[in-house]
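Raw model08.cif, mmCIF, C-alpha atoms and all ligand atoms:
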```
data_data
#
loop_
_atom_site.label_atom_id
_atom_site.label_comp_id
_atom_site.auth_asym_id
_atom_site.auth_seq_id
_atom_site.Cartn_x
_atom_site.Cartn_y
_atom_site.Cartn_z
CA MET V 193 7.61 -13.61 -28.41
CA ILE V 194 6.09 -16.93 -27.34
CA ARG V 195 7.91 -18.60 -24.50
CA THR V 196 7.77 -22.27 -23.74
CA ASP V 197 10.30 -22.70 -20.91
CA PRO V 198 8.55 -24.07 -17.82
CA ALA V 199 8.01 -22.60 -14.36
CA VAL V 200 6.21 -23.80 -11.27
CA LEU V 201 4.32 -22.00 -8.52
CA VAL V 202 4.47 -23.76 -5.16
CA LEU V 203 2.14 -22.82 -2.29
CA GLU V 204 2.91 -23.49 1.34
CA ASP V 205 0.01 -25.95 1.57
CA GLY V 206 1.76 -28.07 -1.06
CA THR V 207 -0.40 -27.04 -4.03
CA ARG V 208 1.61 -26.76 -7.27
CA TYR V 209 0.75 -24.98 -10.50
CA GLU V 210 2.81 -25.73 -13.55
CA GLY V 211 3.08 -22.99 -16.12
CA THR V 212 5.44 -21.09 -18.37
CA ALA V 213 8.25 -18.80 -17.28
CA TYR V 214 7.43 -15.12 -17.59
CA GLY V 215 9.82 -12.21 -17.09
CA ALA V 216 13.07 -13.18 -15.35
CA THR V 217 13.91 -16.76 -14.42
CA GLY V 218 15.11 -17.95 -11.02
CA GLU V 219 13.37 -18.48 -7.69
CA ARG V 220 11.46 -15.97 -5.60
CA PHE V 221 9.37 -16.23 -2.45
CA GLY V 222 6.66 -14.07 -0.96
CA GLU V 223 3.13 -13.84 0.31
CA LEU V 224 0.73 -14.87 -2.48
CA VAL V 225 -2.06 -12.32 -2.94
CA PHE V 226 -4.49 -11.55 -5.73
CA THR V 227 -5.57 -8.25 -7.24
CA THR V 228 -8.79 -7.80 -9.16
CA GLY V 229 -7.77 -4.67 -11.08
CA MET V 230 -8.68 -4.92 -14.76
CA THR V 231 -6.23 -2.15 -15.63
CA GLY V 232 -3.18 -0.59 -14.09
CA TYR V 233 -0.81 -3.55 -13.97
CA GLN V 234 2.16 -1.24 -14.28
CA GLU V 235 1.00 0.87 -11.33
CA THR V 236 0.53 -2.35 -9.35
CA LEU V 237 3.98 -3.67 -10.19
CA SER V 238 5.66 -0.39 -9.25
CA ASP V 239 3.66 0.16 -6.01
CA PRO V 240 6.15 -0.27 -3.13
CA SER V 241 3.33 -1.65 -0.94
CA TYR V 242 3.68 -4.94 -2.86
CA ALA V 243 7.24 -5.54 -1.63
CA GLY V 244 7.46 -9.05 -0.23
CA GLN V 245 4.42 -10.25 -2.16
CA ILE V 246 3.80 -12.48 -5.17
CA VAL V 247 0.90 -10.91 -7.03
CA VAL V 248 -1.72 -12.86 -8.96
CA GLN V 249 -3.68 -10.86 -11.55
CA THR V 250 -7.26 -12.07 -11.82
CA ALA V 251 -7.64 -10.19 -15.13
CA PRO V 252 -6.79 -12.89 -17.68
CA HIS V 253 -4.88 -10.81 -20.24
CA ILE V 254 -1.92 -8.90 -18.95
CA GLY V 255 0.53 -6.72 -20.85
CA ASN V 256 -1.84 -5.60 -23.62
CA THR V 257 -0.95 -1.93 -23.31
CA GLY V 258 2.77 -2.46 -22.74
CA VAL V 259 4.69 -0.20 -20.37
CA ASN V 260 5.75 3.43 -20.35
CA ALA V 261 7.89 5.64 -18.13
CA GLU V 262 5.00 7.87 -17.11
CA ASP V 263 2.86 5.24 -15.40
CA MET V 264 5.50 4.14 -12.90
CA GLU V 265 4.47 4.75 -9.28
CA SER V 266 8.10 4.59 -8.13
CA ASP V 267 11.41 4.06 -9.91
CA ARG V 268 11.20 0.26 -10.12
CA PHE V 269 8.95 -2.79 -9.87
CA TRP V 270 8.55 -4.00 -6.29
CA VAL V 271 6.52 -7.19 -6.44
CA GLU V 272 8.48 -10.24 -5.41
CA GLY V 273 6.88 -12.41 -8.09
CA TYR V 274 4.14 -12.22 -10.71
CA VAL V 275 1.45 -14.72 -11.69
CA VAL V 276 -0.70 -14.27 -14.79
CA ARG V 277 -2.83 -16.33 -17.08
CA ASP V 278 -2.23 -15.04 -20.62
CA PRO V 279 0.53 -12.56 -21.30
CA SER V 280 -0.31 -10.46 -24.30
CA ARG V 281 1.61 -11.56 -27.41
CA MET V 282 1.72 -8.04 -28.75
CA ILE V 283 1.25 -4.58 -27.36
CA SER V 284 -1.32 -2.18 -28.66
CA ASN V 285 -1.35 1.30 -27.21
CA TRP V 286 -0.14 4.68 -28.42
CA ARG V 287 1.59 5.33 -25.10
CA ALA V 288 3.49 2.04 -25.01
CA GLU V 289 7.27 2.35 -24.98
CA GLY V 290 8.08 -1.32 -24.44
CA THR V 291 6.64 -4.70 -23.59
CA LEU V 292 5.83 -5.87 -20.10
CA ASP V 293 7.78 -9.14 -20.50
CA GLU V 294 10.96 -7.24 -21.31
CA GLN V 295 10.42 -4.84 -18.46
CA LEU V 296 9.85 -7.69 -16.01
CA GLU V 297 13.01 -9.33 -17.21
CA ALA V 298 15.01 -6.11 -17.03
CA GLU V 299 13.81 -5.55 -13.46
CA GLY V 300 14.57 -9.11 -12.43
CA ILE V 301 10.96 -9.94 -11.60
CA VAL V 302 10.39 -13.70 -11.75
CA GLY V 303 6.95 -14.52 -13.10
CA ILE V 304 4.86 -17.44 -14.24
CA SER V 305 2.13 -17.50 -16.90
CA ASP V 306 -0.41 -20.04 -18.15
CA VAL V 307 -1.69 -20.50 -14.62
CA ASP V 308 -5.40 -21.06 -13.97
CA THR V 309 -5.64 -17.83 -12.04
CA ARG V 310 -9.36 -18.33 -11.34
CA ALA V 311 -8.76 -21.56 -9.48
CA LEU V 312 -5.76 -20.05 -7.73
CA THR V 313 -7.71 -16.97 -6.64
CA ARG V 314 -10.51 -19.15 -5.26
CA LEU V 315 -7.98 -21.12 -3.30
CA VAL V 316 -6.46 -17.97 -1.78
CA ARG V 317 -9.95 -16.58 -1.11
CA ASN V 318 -10.94 -19.76 0.72
CA GLU V 319 -7.69 -20.60 2.48
CA GLY V 320 -6.25 -17.09 2.94
CA ALA V 321 -3.03 -15.48 1.75
CA MET V 322 -0.18 -18.00 1.79
CA ARG V 323 3.55 -18.07 1.42
CA ALA V 324 4.56 -19.24 -2.04
CA GLY V 325 7.52 -19.57 -4.38
CA ILE V 326 8.01 -19.36 -8.15
CA PHE V 327 10.73 -21.55 -9.63
CA SER V 328 12.05 -21.44 -13.21
CA GLY V 329 15.32 -22.00 -15.06
CA GLU V 330 17.89 -23.81 -12.96
CA ALA V 331 15.70 -23.57 -9.85
CA LEU V 332 13.47 -26.21 -11.45
CA SER V 333 16.08 -28.88 -10.92
CA ALA V 334 15.31 -29.05 -7.19
CA ASP V 335 12.73 -31.71 -6.34
CA ALA V 336 9.22 -30.84 -5.19
CA ASP V 337 9.92 -31.50 -1.51
CA ALA V 338 12.97 -29.27 -1.51
CA GLN V 339 10.99 -26.49 -3.19
CA LEU V 340 8.18 -26.79 -0.66
CA GLU V 341 10.66 -26.71 2.18
CA LYS V 342 12.12 -23.46 0.86
CA VAL V 343 8.64 -21.94 0.64
CA ARG V 344 7.89 -22.95 4.21
CA ALA V 345 11.19 -21.54 5.45
CA GLN V 346 10.17 -18.00 4.45
CA ALA V 347 9.10 -15.38 6.99
CA PRO V 348 5.31 -14.91 7.01
CA MET V 349 3.93 -11.43 6.27
CA ALA V 350 2.56 -11.10 9.81
CA GLY V 351 5.25 -9.35 11.82
CA ARG V 352 7.35 -8.27 8.82
CA TYR V 353 9.09 -4.88 8.81
CA LEU V 354 9.76 -3.77 5.23
CA SER V 355 9.93 0.02 5.48
CA ASP V 356 13.73 0.11 5.34
CA LEU V 357 13.64 -1.70 2.00
CA VAL V 358 11.39 0.77 0.21
CA THR V 359 11.94 4.15 1.86
CA THR V 360 14.01 6.99 0.40
CA LYS V 361 17.64 6.86 1.53
CA ALA V 362 17.87 10.63 1.89
CA ALA V 363 15.33 13.34 2.61
CA TYR V 364 14.28 15.54 -0.31
CA THR V 365 11.71 18.19 -1.07
CA ALA V 366 9.23 18.21 -3.93
CA ALA V 367 8.13 21.78 -4.64
CA HIS V 368 4.46 22.65 -4.92
CA THR V 369 3.00 22.88 -8.42
CA ALA V 370 -0.04 25.07 -7.68
CA SER V 371 -0.41 28.74 -8.60
CA GLU V 372 -0.18 29.57 -4.91
CA ARG V 373 1.86 27.99 -2.14
CA ILE V 374 -0.14 27.01 0.93
CA GLY V 375 2.55 25.61 3.17
CA SER V 376 4.58 22.46 3.56
CA VAL V 377 3.96 18.88 4.55
CA ALA V 378 6.41 16.43 6.12
CA LEU V 379 5.72 13.11 4.43
CA LEU V 380 7.07 9.97 6.04
CA ASP V 381 8.02 7.72 3.13
CA LEU V 382 6.96 4.23 4.11
CA GLY V 383 6.80 3.27 0.43
CA VAL V 384 5.19 6.33 -1.12
CA LYS V 385 3.76 6.41 -4.63
CA ARG V 386 4.47 9.27 -7.02
CA ALA V 387 0.78 10.07 -7.35
CA THR V 388 0.58 10.90 -3.63
CA ILE V 389 3.38 13.43 -3.82
CA SER V 390 1.92 15.04 -6.94
CA ASN V 391 -1.55 15.23 -5.37
CA LEU V 392 -0.10 17.11 -2.39
CA ALA V 393 2.14 19.32 -4.54
CA SER V 394 -0.71 20.27 -6.85
CA ARG V 395 -2.69 21.46 -3.85
CA GLY V 396 -0.04 24.01 -2.93
CA PHE V 397 2.20 22.06 -0.56
CA ASP V 398 5.95 21.75 -0.70
CA VAL V 399 6.46 18.13 0.26
CA HIS V 400 9.41 17.20 2.51
CA VAL V 401 9.83 13.50 1.90
CA LEU V 402 11.58 11.84 4.84
CA PRO V 403 13.07 8.37 5.38
CA ALA V 404 10.86 5.98 7.36
CA GLU V 405 13.15 6.12 10.36
CA ALA V 406 13.21 9.93 10.65
CA THR V 407 13.12 11.02 14.26
CA LEU V 408 10.58 13.33 15.86
CA GLU V 409 13.29 16.00 15.88
CA GLN V 410 14.06 15.59 12.16
CA ILE V 411 10.38 15.82 11.30
CA ARG V 412 9.93 18.99 13.37
CA GLU V 413 13.07 20.51 11.83
CA THR V 414 11.50 20.57 8.38
CA GLY V 415 9.25 23.33 9.72
CA ALA V 416 6.30 21.59 8.11
CA ASP V 417 2.76 22.77 8.75
CA ALA V 418 1.32 19.26 8.58
CA ILE V 419 2.27 15.58 8.63
CA PHE V 420 1.50 12.86 6.09
CA TYR V 421 2.14 9.11 6.39
CA SER V 422 2.21 7.19 3.11
CA ASN V 423 1.19 3.70 2.04
CA GLY V 424 3.75 0.93 2.38
CA PRO V 425 4.50 -2.78 2.72
CA GLY V 426 4.67 -4.91 5.84
CA ASP V 427 2.75 -5.46 9.06
CA PRO V 428 1.85 -2.18 10.82
CA GLU V 429 2.51 -3.91 14.13
CA ALA V 430 6.21 -3.97 13.20
CA ASN V 431 6.24 -0.15 12.84
CA ASP V 432 5.64 0.90 16.42
CA ALA V 433 8.48 3.42 16.24
CA GLN V 434 6.59 5.37 13.57
CA ALA V 435 3.30 5.06 15.49
CA VAL V 436 4.91 6.51 18.63
CA VAL V 437 6.43 9.42 16.67
CA LEU V 438 3.02 10.11 15.16
CA ARG V 439 1.32 9.97 18.57
CA LYS V 440 3.65 12.72 19.80
CA LEU V 441 3.13 14.85 16.69
CA LEU V 442 -0.64 14.53 17.08
CA ALA V 443 -0.36 15.56 20.72
CA GLU V 444 1.59 18.63 19.54
CA GLY V 445 -1.40 19.54 17.37
CA PHE V 446 -0.01 18.89 13.87
CA PRO V 447 -2.71 18.25 11.25
CA PHE V 448 -2.37 14.76 9.78
CA MET V 449 -3.48 12.66 6.85
CA GLY V 450 -2.54 9.03 6.22
CA ILE V 451 -3.11 6.61 3.38
CA CYS V 452 -3.31 2.83 3.79
CA PHE V 453 -0.25 1.95 5.90
CA GLY V 454 -0.59 5.53 7.16
CA ASN V 455 -4.18 4.76 8.17
CA GLN V 456 -3.06 1.69 10.07
CA LEU V 457 -0.35 3.69 11.83
CA LEU V 458 -2.84 6.43 12.75
CA GLY V 459 -4.97 3.69 14.32
CA ARG V 460 -1.99 2.46 16.31
CA ALA V 461 -0.90 6.01 17.23
CA LEU V 462 -4.38 6.59 18.64
CA GLY V 463 -3.94 3.46 20.75
CA PHE V 464 -5.95 0.91 18.75
CA GLY V 465 -4.81 -2.43 17.36
CA THR V 466 -4.39 -3.75 13.83
CA TYR V 467 -4.92 -7.30 12.59
CA LYS V 468 -4.32 -9.39 9.51
CA LEU V 469 -7.20 -9.96 7.09
CA PRO V 470 -7.64 -13.48 5.66
CA PHE V 471 -6.74 -12.50 2.08
CA GLY V 472 -7.02 -8.71 2.03
CA HIS V 473 -8.45 -6.25 -0.48
CA ARG V 474 -6.59 -5.53 -3.71
CA GLY V 475 -7.99 -3.96 -6.84
CA VAL V 476 -9.49 -0.82 -8.28
CA ASN V 477 -13.14 -1.69 -7.76
CA GLN V 478 -13.68 -1.89 -3.99
CA PRO V 479 -16.87 -0.27 -2.66
CA VAL V 480 -16.81 1.71 0.58
CA ARG V 481 -19.50 3.73 2.37
CA ASP V 482 -18.73 7.16 3.76
CA THR V 483 -20.39 7.03 7.18
CA ALA V 484 -20.99 10.80 7.29
CA THR V 485 -22.83 11.10 3.96
CA ASN V 486 -23.83 7.47 3.33
CA LYS V 487 -22.38 7.93 -0.15
CA VAL V 488 -20.82 4.87 -1.71
CA GLU V 489 -17.47 5.34 -3.41
CA ILE V 490 -15.62 2.93 -5.63
CA THR V 491 -12.03 2.88 -4.44
CA ALA V 492 -8.66 1.43 -5.26
CA GLN V 493 -7.28 -0.73 -2.46
CA ASN V 494 -4.25 -2.78 -1.61
CA HIS V 495 -4.13 -3.96 1.94
CA GLY V 496 -3.78 -7.15 3.95
CA PHE V 497 -4.12 -5.63 7.43
CA ALA V 498 -6.83 -3.47 8.99
CA VAL V 499 -7.49 -1.29 12.04
CA ASP V 500 -9.47 -2.88 14.84
CA LEU V 501 -12.25 -0.41 15.68
CA PRO V 502 -16.01 -0.76 16.12
CA ILE V 503 -17.55 0.35 12.81
CA GLU V 504 -20.38 2.21 14.52
CA GLY V 505 -20.41 4.91 17.12
CA THR V 506 -17.67 6.99 18.66
CA VAL V 507 -14.81 5.64 20.75
CA ASP V 508 -12.26 7.39 22.92
CA SER V 509 -8.62 7.11 21.99
CA PRO V 510 -7.05 5.10 24.83
CA VAL V 511 -3.99 7.39 24.72
CA GLY V 512 -6.01 10.56 25.28
CA LEU V 513 -6.20 11.90 21.71
CA GLY V 514 -9.95 12.47 21.86
CA ARG V 515 -12.91 10.86 20.17
CA VAL V 516 -12.52 8.72 17.08
CA GLU V 517 -14.98 7.47 14.44
CA VAL V 518 -14.81 5.13 11.50
CA SER V 519 -15.25 7.34 8.42
CA HIS V 520 -15.49 4.63 5.74
CA ILE V 521 -16.61 1.02 5.82
CA GLY V 522 -15.70 -1.61 3.21
CA LEU V 523 -18.97 -2.91 1.81
CA ASN V 524 -17.73 -6.38 0.92
CA ASP V 525 -16.78 -7.35 4.47
CA GLN V 526 -17.46 -4.40 6.82
CA VAL V 527 -13.76 -3.71 7.39
CA VAL V 528 -12.59 -0.27 8.62
CA GLU V 529 -11.61 1.79 5.56
CA GLY V 530 -10.99 5.16 7.20
CA ILE V 531 -10.62 6.98 10.51
CA ARG V 532 -11.84 10.41 11.51
CA CYS V 533 -10.66 12.15 14.67
CA LEU V 534 -13.26 14.43 16.21
CA ASP V 535 -11.05 16.41 18.60
CA ILE V 536 -7.76 16.71 16.73
CA PRO V 537 -7.17 17.65 13.05
CA ALA V 538 -6.41 14.16 11.75
CA PHE V 539 -7.92 11.62 9.37
CA SER V 540 -6.82 8.76 7.21
CA VAL V 541 -8.12 6.29 4.68
CA GLN V 542 -7.29 2.66 4.13
CA PHE V 543 -7.95 2.94 0.40
CA HIS V 544 -5.99 4.91 -2.20
CA PRO V 545 -7.38 8.32 -3.16
CA GLU V 546 -4.22 8.89 -5.21
CA ALA V 547 -4.57 5.72 -7.27
CA ALA V 548 -3.79 6.60 -10.84
CA SER V 549 -4.97 3.22 -12.06
CA GLY V 550 -8.25 3.57 -10.24
CA PRO V 551 -11.31 5.77 -10.25
CA HIS V 552 -11.30 9.39 -9.12
CA ASP V 553 -14.18 9.16 -6.62
CA ALA V 554 -11.80 9.57 -3.72
CA SER V 555 -9.60 12.45 -4.88
CA PRO V 556 -11.59 15.13 -2.94
CA LEU V 557 -9.86 13.75 0.15
CA PHE V 558 -6.72 15.70 -0.74
CA ASP V 559 -8.88 18.83 -0.90
CA ARG V 560 -10.23 17.97 2.53
CA PHE V 561 -6.66 17.69 3.79
CA ARG V 562 -5.74 21.08 2.28
CA ASP V 563 -8.77 22.71 3.91
CA MET V 564 -8.00 21.08 7.25
CA VAL V 565 -4.39 22.31 7.13
CA LEU V 566 -5.46 25.82 6.16
CA ALA V 567 -7.90 25.94 9.07
CA ALA V 568 -5.23 24.65 11.47
CA MET V 569 -2.66 27.17 10.22
CA ALA V 570 -5.05 30.03 10.97
CA GLU V 571 -4.80 29.46 14.71
CA PRO V 572 -2.14 28.49 17.25
CA ARG V 573 -1.53 24.75 17.48
CA ARG V 574 -3.64 23.07 20.14
CA THR V 575 -1.70 20.56 22.19
CA THR V 576 -3.17 17.52 23.92
CA GLU V 577 -1.96 15.86 27.09
CA LEU V 578 -1.29 12.17 26.37
CA THR V 579 -2.55 9.63 28.86
CA GLU V 580 0.34 8.90 31.12
CA THR V 581 0.41 5.10 30.97
CA GLN V 582 0.65 5.07 27.16
CA ASN V 583 3.03 7.98 26.83
CA GLU V 584 6.23 6.02 26.46
CA ASN V 585 4.90 3.05 24.51
N1 LIG N 1 -0.91 -0.28 0.53
C1 LIG N 1 -0.54 -0.27 1.80
O1 LIG N 1 -0.14 0.74 2.35
C2 LIG N 1 -0.54 -1.61 2.50
C3 LIG N 1 -0.45 -1.52 3.99
C4 LIG N 1 -0.11 -2.84 4.67
N2 LIG N 1 1.19 -3.29 4.26
C5 LIG N 1 -1.17 -3.88 4.35
O2 LIG N 1 -0.93 -4.79 3.60
O3 LIG N 1 -2.26 -3.79 4.87
#
```
Would you mind writing the structure in this file as structure tokens?
Amino acid sequence: MIRTDPAVLVLEDGTRYEGTAYGATGERFGELVFTTGMTGYQETLSDPSYAGQIVVQTAPHIGNTGVNAEDMESDRFWVEGYVVRDPSRMISNWRAEGTLDEQLEAEGIVGISDVDTRALTRLVRNEGAMRAGIFSGEALSADADAQLEKVRAQAPMAGRYLSDLVTTKAAYTAAHTASERIGSVALLDLGVKRATISNLASRGFDVHVLPAEATLEQIRETGADAIFYSNGPGDPEANDAQAVVLRKLLAEGFPFMGICFGNQLLGRALGFGTYKLPFGHRGVNQPVRDTATNKVEITAQNHGFAVDLPIEGTVDSPVGLGRVEVSHIGLNDQVVEGIRCLDIPAFSVQFHPEAASGPHDASPLFDRFRDMVLAAMAEPRRTTELTETQNEN
């Protein structure tokens, strides 16, 4: 199907891109970010971490392989809007069950195509992530000033709390899928992807998936042997409740692994800060260096915030949770891509070892988690005294 009905993308700095409507029509607003993934558009669209964001695909042809039920990372598309250059006119893949355009429309995702995504990406790279809006259908009747005003009236990503939007409404348990059960993990669902749950389940863990606002008590009540914090949308600074809960669980000696948002919340639980990157890292081809082995891994990433830690040397957690090191460094811009605790059984990565659309370099991290939990289960939990001044923060 070739569409010709117009759409416009309006950036908060006043830049406008005219294009063709793609997917649903209407108006949508969000933070404009780009992803450099050449594959995996369906995983991107269904990744809850993209809630609140309008995603630009730098890959020029999108939709070539259609969509299928298996590649969904959650039960719906979460992006707020979608910007592409050339939507594929036909699908060509043995796994395809439908076209991307139809799926976008069915899910109510407002998109725009025929945009010069190279120019747009350069603009975002130079000026930073911006608020933006896509207008099509009746929304096009508003004049340019009114559209710009609506874009500028939106909440910026800095400070946004989005966990309640994406988290599971009720707790549930996903049973392990390994030949032998190892134990169970309490996973705080801040916007979890299916691949994360299946990676834990296949390593012998029953996974208790809990709503983002689960209390310390509710987490303990699962009887879990370890704690996991997932990826998710929003500014980690807006999730202090979850950071404080984690701080207490760490002090109680629970082994912990976090991914992406979970990495940022581990940083905050340990008493460090987080900050917003100019335009973030999104794609399946992001190089990081493991500081312990010096090995370079190609990782999948999707983040706009990062933990504020010196990338070299060892620092003490200001809340008394022992020594902390940066385990991975992003090679494009030296940003913290992982945290290793030296005195408590906890680590996290900013990238996505579970990413089904990405490479598999990073999947041994789930094995590392399993081994860490097994070692911790073999002895009584070691508690840590939190530094008094930070205890109630
Ligand atoms: N994928 C994620 O978990 C993203 C974390 C956070 N919302 C960020 O943009 O940095």
Can you pull out every residue with an atom within 7 Å of ligand LIG 1 (chain N)? Use all atoms listed in the file and format it as a JSON list (two decimals) with C-alpha atoms, keeping the file's coordinate frame.
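The new file selection_18.json reads:
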```json
[["chain", "number", "residue", "atom", "x", "y", "z"],
["V", 241, "SER", "CA", 3.33, -1.65, -0.94],
["V", 422, "SER", "CA", 2.21, 7.19, 3.11],
["V", 423, "ASN", "CA", 1.19, 3.70, 2.04],
["V", 424, "GLY", "CA", 3.75, 0.93, 2.38],
["V", 425, "PRO", "CA", 4.50, -2.78, 2.72],
["V", 426, "GLY", "CA", 4.67, -4.91, 5.84],
["V", 427, "ASP", "CA", 2.75, -5.46, 9.06],
["V", 428, "PRO", "CA", 1.85, -2.18, 10.82],
["V", 451, "ILE", "CA", -3.11, 6.61, 3.38],
["V", 452, "CYS", "CA", -3.31, 2.83, 3.79],
["V", 453, "PHE", "CA", -0.25, 1.95, 5.90],
["V", 454, "GLY", "CA", -0.59, 5.53, 7.16],
["V", 494, "ASN", "CA", -4.25, -2.78, -1.61],
["V", 495, "HIS", "CA", -4.13, -3.96, 1.94],
["V", 496, "GLY", "CA", -3.78, -7.15, 3.95],
["V", 497, "PHE", "CA", -4.12, -5.63, 7.43],
["V", 498, "ALA", "CA", -6.83, -3.47, 8.99]]
```
Wanna dump the stretch 274-366 of chain V-stretch 398-414 of chain V contacts at 10 Å for me, each residue with its shortest atom pair and the distance in Å to one decimal, counting all atoms listed in the file, ordered by chain and number, as a tab-separated table?
```
residue	atom	partner	partner_atom	distance
V:Ser355	CA	V:Ala404	CA	6.3
V:Asp356	CA	V:Ala404	CA	6.8
V:Leu357	CA	V:Ala404	CA	9.8
V:Val358	CA	V:Ala404	CA	8.9
V:Thr359	CA	V:Pro403	CA	5.6
V:Thr360	CA	V:Pro403	CA	5.3
V:Lys361	CA	V:Pro403	CA	6.2
V:Ala362	CA	V:Pro403	CA	6.4
V:Ala363	CA	V:Leu402	CA	4.6
V:Tyr364	CA	V:Val401	CA	5.4
V:Thr365	CA	V:His400	CA	4.4
V:Ala366	CA	V:Val399	CA	5.0
```
Test item: residues at most 10 Å from stretch 225-232 of chain V, all atoms listed in the file, excluding those fewer than 2 positions along its chain, as a VMD selection string: chain V and resid 222 to 223 234 to 237 242 245 to 257 263 to 264 274 to 275 309 312 to 314 316 to 317 320 to 324 471 to 478 492 to 496 547 to 550
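Look at V:Gly514: the protein and nucleic acid residues within 8 Å of it, using all atoms listed in the file and passing over chain neighbours fewer than 6 places away, are Asp508, Cys533, Leu534, Asp535 and Ile536 of chain V.
Across the model, the gap from atom CA of V:Glu289 to atom CA of V:Gly329 is 27.5 Å.
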Taking all atoms listed in the file into account, which of V:Ala435, V:Leu380, V:Leu224, V:Val202 comes nearest V:Met349? V:Leu224
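Relative to atom CA of V:Phe221, atom CA of V:Ala199 is found at 13.6 Å.
The shortest atom-to-atom distance to V:Arg195, with only C-alpha atoms taken into account, belongs to V:Ser305 out of V:Tyr421, V:Glu262, V:Asp267, V:Ser305.
Residues within 9 Å of V:Leu458, counting only C-alpha atoms and excluding same-chain residues fewer than 6 positions away, are Tyr421, Ala435, Leu438, Arg439, Phe448, Met449, Gly450, Phe464, Ile531, Ala538, Phe539 and Ser540 of chain V.
Picture a line from atom CA of V:Ala350 to atom CA of V:Lys468; it runs 7.1 Å.
Protein and nucleic acid residues near (-5.6, 8.4, 27.1) are Pro510, Val511, Gly512, Leu578 and Thr579 of chain V, the criterion being any atom at most 6 Å away using all atoms listed in the file.
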Considering only C-alpha atoms, can you say which of V:Asp381, V:Glu294, V:Asp239, V:Asp417 comes closest to V:Met564? V:Asp417
Taking (16.6, -27.1, -9.5) in the coordinates of the supplied file, I want to know which residues reach to within 12 Å of it, counting only C-alpha atoms; could you give the answer as a short mmCIF file (atom, residue, chain, number, x, y, z; two decimals) with C-alpha atoms, keeping the file's coordinate frame?
```
data_model
loop_
_atom_site.label_atom_id
_atom_site.label_comp_id
_atom_site.auth_asym_id
_atom_site.auth_seq_id
_atom_site.Cartn_x
_atom_site.Cartn_y
_atom_site.Cartn_z
CA PRO V 198 8.55 -24.07 -17.82
CA ALA V 199 8.01 -22.60 -14.36
CA VAL V 200 6.21 -23.80 -11.27
CA THR V 217 13.91 -16.76 -14.42
CA GLY V 218 15.11 -17.95 -11.02
CA GLU V 219 13.37 -18.48 -7.69
CA ILE V 326 8.01 -19.36 -8.15
CA PHE V 327 10.73 -21.55 -9.63
CA SER V 328 12.05 -21.44 -13.21
CA GLY V 329 15.32 -22.00 -15.06
CA GLU V 330 17.89 -23.81 -12.96
CA ALA V 331 15.70 -23.57 -9.85
CA LEU V 332 13.47 -26.21 -11.45
CA SER V 333 16.08 -28.88 -10.92
CA ALA V 334 15.31 -29.05 -7.19
CA ASP V 335 12.73 -31.71 -6.34
CA ALA V 336 9.22 -30.84 -5.19
CA ASP V 337 9.92 -31.50 -1.51
CA ALA V 338 12.97 -29.27 -1.51
CA GLN V 339 10.99 -26.49 -3.19
CA LYS V 342 12.12 -23.46 0.86
#
```
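Take the candidates V:Asp482, V:Glu489, V:Ile503, V:Val541 and check each one against V:Gln456 using only C-alpha atoms; the shortest distance goes to V:Val541.
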Choose the residue, out of V:Gly351, V:Pro551, V:Gly375, V:Pro470, that has the smallest atom-to-atom separation from V:Asp525; count all atoms listed in the file. V:Pro470
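Minimum atom-to-atom distances from V:Glu429, V:Glu299, V:Asp278, V:Glu571 to V:Leu354 were compared using only C-alpha atoms, and the lowest value belongs to V:Glu429.
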